[in-house]
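Okay, structure first, notes after.
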Amino acid sequence: MFALEISFKDGVSDPELIFVRRQSALVGASPEAHVEVQDMQSVNYQLRLTRDLGRRFRCKPVPSSAGVPVPPMLEGVYMDQGTFDVGQVKFVVLPLDSDLQIKDSETLDRAGVRILRQACASAAPAFPALVVLGEAPVVWSFVPNMPVYVGTSKECALRLENPEISARHALIGYESGQFWVEDLGSTNGTFVMESQVSGRTTVPPGQLISLGRLVTLVGVTSEEQLSSILSVNPAQSRRQTADERRYPVLISISEVARPARMVMPIDASINIGRDPGSDIWLGAPHVSRRHCSIALGKTGEVAITDHSTNGTSYDEGVLRRGDVLRLHDQAKVLDFGGGVTLAICFNEEQERQFTASGGSPTTFRDSDISTRSISLDDPRLKSRAMASRRLTFPGTQEQAGWQQKAEKLGTMYRSLGLRSKITFLITLFAVLVVLVVIFNLIIHISF
């Protein structure tokens with residue numbers, strides 16, 4: 001973050017003080033600038049400010065168009081403060097320390113007292129620090145007791161601009177000499193050692209952390225580590241293997257699913273459930289702690305195994321504890337009840353269909369029968385074929401509609417827990433008793 005004190009030379013305008021909640025900011029007269037100053041239209045360049053270690057920052061003039069010369073004297077590394085006289089304006093740039101931010105759920109009066117004491121009692125933090133690799137690396141120093149939110153939102157301490165990054169993408173902290181990272185339900189995932197993470201995962205200093213496919217971070221704890229990291233070609237730091245293979249993928253648009261998207265690792269099992277240690281966490285009370293597991297074999301077969309109390313619904317029925325469903329390039333939606341769904345997609349078109357449907361459990365139902373290879377002796381297929389034929393007979397649309405409603409009601413009932421089922425049956429019995437009493441009163445009055 002930066003504080004910019006802007007003074008104008010027109011003799012009329014008052015100075016302005018602007019706070020920039022970014023580690024990399026562009027100051028200029030173009031619409032793309034983070035701080036747009038119309039008085040800079042008389043110059044043919046803009047200023048790129050980038051945070052470095054501690055209270056250091058870099059300034060680099062950026063030409064407004066190709067081939068335009070820029071003043072080289074403005075480029076360099078500055079400490080604590082930098083003054084830049086640019087045409088009709090003068091900037092005084094102050095880098096702001098990460099420990100002088102307001103914490104989550106902290107009131108402004110308490111934050112003001114804490115920040116004042118902290119600024120007087122301790123020096124600006126230097127290590128640990130996070131390095132965002134790229135052509136213009138960004139270094140963000142922080143204190144261990146204030147984990148860093150990373151994302152595109154202005155509420156994040158480390159704010160990045162990239163289409164691969166979610167608003168609140170990940171949370172990174174430092175404890176006992178180790179960094180840790182936790183994905184916050186991002187769209188494109190968080191990876192460590194080519195493995196996608198969901199719950200809190202320990203990361204040693206110097207180990208790459210990938211956000212999506214295009215952004216790479218690394219935690220450092222010394223000047224030597226920082227110099228070593230920055231000396232590496234950024235292109236060599238990108239994750240190669242997991243980026244190239246994007247499918248099959250598990251995807252959910254439910255708000256209680258973390259992470260929302262996960263590329264399936266080969267020959268490994270992904271645990272799904274309400275347990276915080278699950279690879280995909282579903283924060284709904286009706287979901288079992290270990291609800292099901294999904295594994296991708298080396299042959300490309302996906303095996304879904306149920307471990308739950310209430311089962312896992314899908315197009316053809318319900319998986320019960322111990323049941324296994326095997327898929328080959330066949331998209332499927334798992335319905336956990338309560339609007340929580342999870343899709344297995346084998347290509348981009350299937351993922352697009354599921355997202356466009358709003359996570360509907362019937363996204364792939366229409367195309368499922370025509371593409372699935374299954375024995376004609378399967379009673380489930382026969383029952384679905386009979387239902388399809390009944391829909392084509394004249395005068396039977398109403399019957400088919402009631403049958404579909406009954407099947408939907410049965411699926412909803414099977415997804416309920418034991419206590420919910422007992423409550424439902426007691427309520428149904430009470431309604432029946434009331435109807436019988438009313439019917440007897442009507443007969444008594446009639447006679």
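Each chain in the structure tokens gets a letter, A, B, ..., in the order shown, and its residues are numbered from 1; ligands are numbered from 1 in order too.
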
List the spatial neighbours of region 132-145 of chain A as an NGL selection string - criterion: any atom at most 7 Å away, only C-alpha atoms, same-chain residues fewer than 5 positions off excluded. :A and (23 or 50-54 or 98-99 or 125-127 or 173-175 or 216-218 or 234)

Taking the DSSP assignment computed from this structure's backbone, write out as a PyMOL selection string all residues of region 80-315 of chain A that belong to alpha helix (DSSP H). chain A and resi 108-121+223-230+241-244

Export N, CA and C atoms of the chosen residues as a short mmCIF file (atom, residue, chain, number, x, y, z; two decimals), in the first residue's frame?
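Generated output (again.cif):
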```
data_model
loop_
_atom_site.label_atom_id
_atom_site.label_comp_id
_atom_site.auth_asym_id
_atom_site.auth_seq_id
_atom_site.Cartn_x
_atom_site.Cartn_y
_atom_site.Cartn_z
N LEU A 108 -12.79 0.67 14.86
CA LEU A 108 -11.86 1.72 14.46
C LEU A 108 -11.12 2.33 15.65
N ASP A 109 -11.81 2.50 16.80
CA ASP A 109 -11.13 3.11 17.94
C ASP A 109 -10.04 2.21 18.49
N ARG A 110 -10.33 0.91 18.58
CA ARG A 110 -9.30 -0.04 19.07
C ARG A 110 -8.17 -0.15 18.07
N ALA A 111 -8.50 -0.12 16.77
CA ALA A 111 -7.47 -0.21 15.74
C ALA A 111 -6.55 1.01 15.79
N GLY A 112 -7.13 2.19 16.01
CA GLY A 112 -6.31 3.39 16.08
C GLY A 112 -5.30 3.35 17.21
N VAL A 113 -5.76 2.90 18.40
CA VAL A 113 -4.85 2.80 19.55
C VAL A 113 -3.77 1.76 19.29
N ARG A 114 -4.16 0.59 18.75
CA ARG A 114 -3.18 -0.47 18.49
C ARG A 114 -2.15 -0.03 17.46
N ILE A 115 -2.60 0.60 16.38
CA ILE A 115 -1.68 1.02 15.32
C ILE A 115 -0.70 2.06 15.84
N LEU A 116 -1.18 3.00 16.66
CA LEU A 116 -0.29 4.03 17.21
C LEU A 116 0.77 3.40 18.10
N ARG A 117 0.37 2.50 18.99
CA ARG A 117 1.34 1.84 19.86
C ARG A 117 2.33 1.01 19.05
N GLN A 118 1.81 0.29 18.04
CA GLN A 118 2.67 -0.58 17.25
C GLN A 118 3.68 0.23 16.46
N ALA A 119 3.26 1.36 15.90
CA ALA A 119 4.16 2.19 15.11
C ALA A 119 5.28 2.78 15.97
N CYS A 120 4.96 3.06 17.23
CA CYS A 120 5.96 3.65 18.13
C CYS A 120 6.89 2.60 18.74
N ALA A 121 6.40 1.38 18.88
CA ALA A 121 7.16 0.37 19.63
C ALA A 121 8.00 -0.54 18.74
N GLU A 223 17.26 -12.23 3.28
CA GLU A 223 17.71 -11.52 2.09
C GLU A 223 18.30 -12.49 1.07
N GLU A 224 19.00 -13.54 1.56
CA GLU A 224 19.60 -14.51 0.64
C GLU A 224 18.53 -15.25 -0.15
N GLN A 225 17.45 -15.68 0.53
CA GLN A 225 16.37 -16.34 -0.18
C GLN A 225 15.72 -15.41 -1.19
N LEU A 226 15.52 -14.16 -0.80
CA LEU A 226 14.90 -13.21 -1.70
C LEU A 226 15.75 -13.00 -2.95
N SER A 227 17.04 -12.82 -2.78
CA SER A 227 17.94 -12.61 -3.92
C SER A 227 17.94 -13.83 -4.83
N SER A 228 17.94 -15.03 -4.22
CA SER A 228 17.94 -16.26 -5.01
C SER A 228 16.67 -16.41 -5.82
N ILE A 229 15.53 -16.08 -5.21
CA ILE A 229 14.25 -16.20 -5.90
C ILE A 229 14.16 -15.21 -7.06
N LEU A 230 14.58 -13.97 -6.83
CA LEU A 230 14.48 -12.94 -7.85
C LEU A 230 15.46 -13.15 -8.99
N THR A 241 3.14 -29.07 -15.20
CA THR A 241 2.37 -30.29 -15.44
C THR A 241 0.90 -30.14 -15.13
N ALA A 242 0.57 -29.63 -13.94
CA ALA A 242 -0.83 -29.54 -13.56
C ALA A 242 -1.56 -28.50 -14.37
N ASP A 243 -0.84 -27.46 -14.88
CA ASP A 243 -1.49 -26.44 -15.67
C ASP A 243 -1.98 -26.99 -17.00
N GLU A 244 -1.16 -27.86 -17.63
CA GLU A 244 -1.50 -28.34 -18.95
C GLU A 244 -2.71 -29.26 -18.93
#
```

Contacts of region 179-191 of chain A at 9 Å or less, counting only C-alpha atoms, minus same-chain residues fewer than 2 places along, as a ChimeraX atom specification? /A:128,164-177,193-205,208-213,219-220,239,242,251,255-263

Region 328-342 of chain A surroundings by only C-alpha atoms, 9 Å radius, close-in-sequence under 6 positions cut, as a PyMOL selection string: chain A and resi 248+250-257+282+284+286-287+291+300-302+311-315+350-351+354+359-365+368+371-372+412+415-416
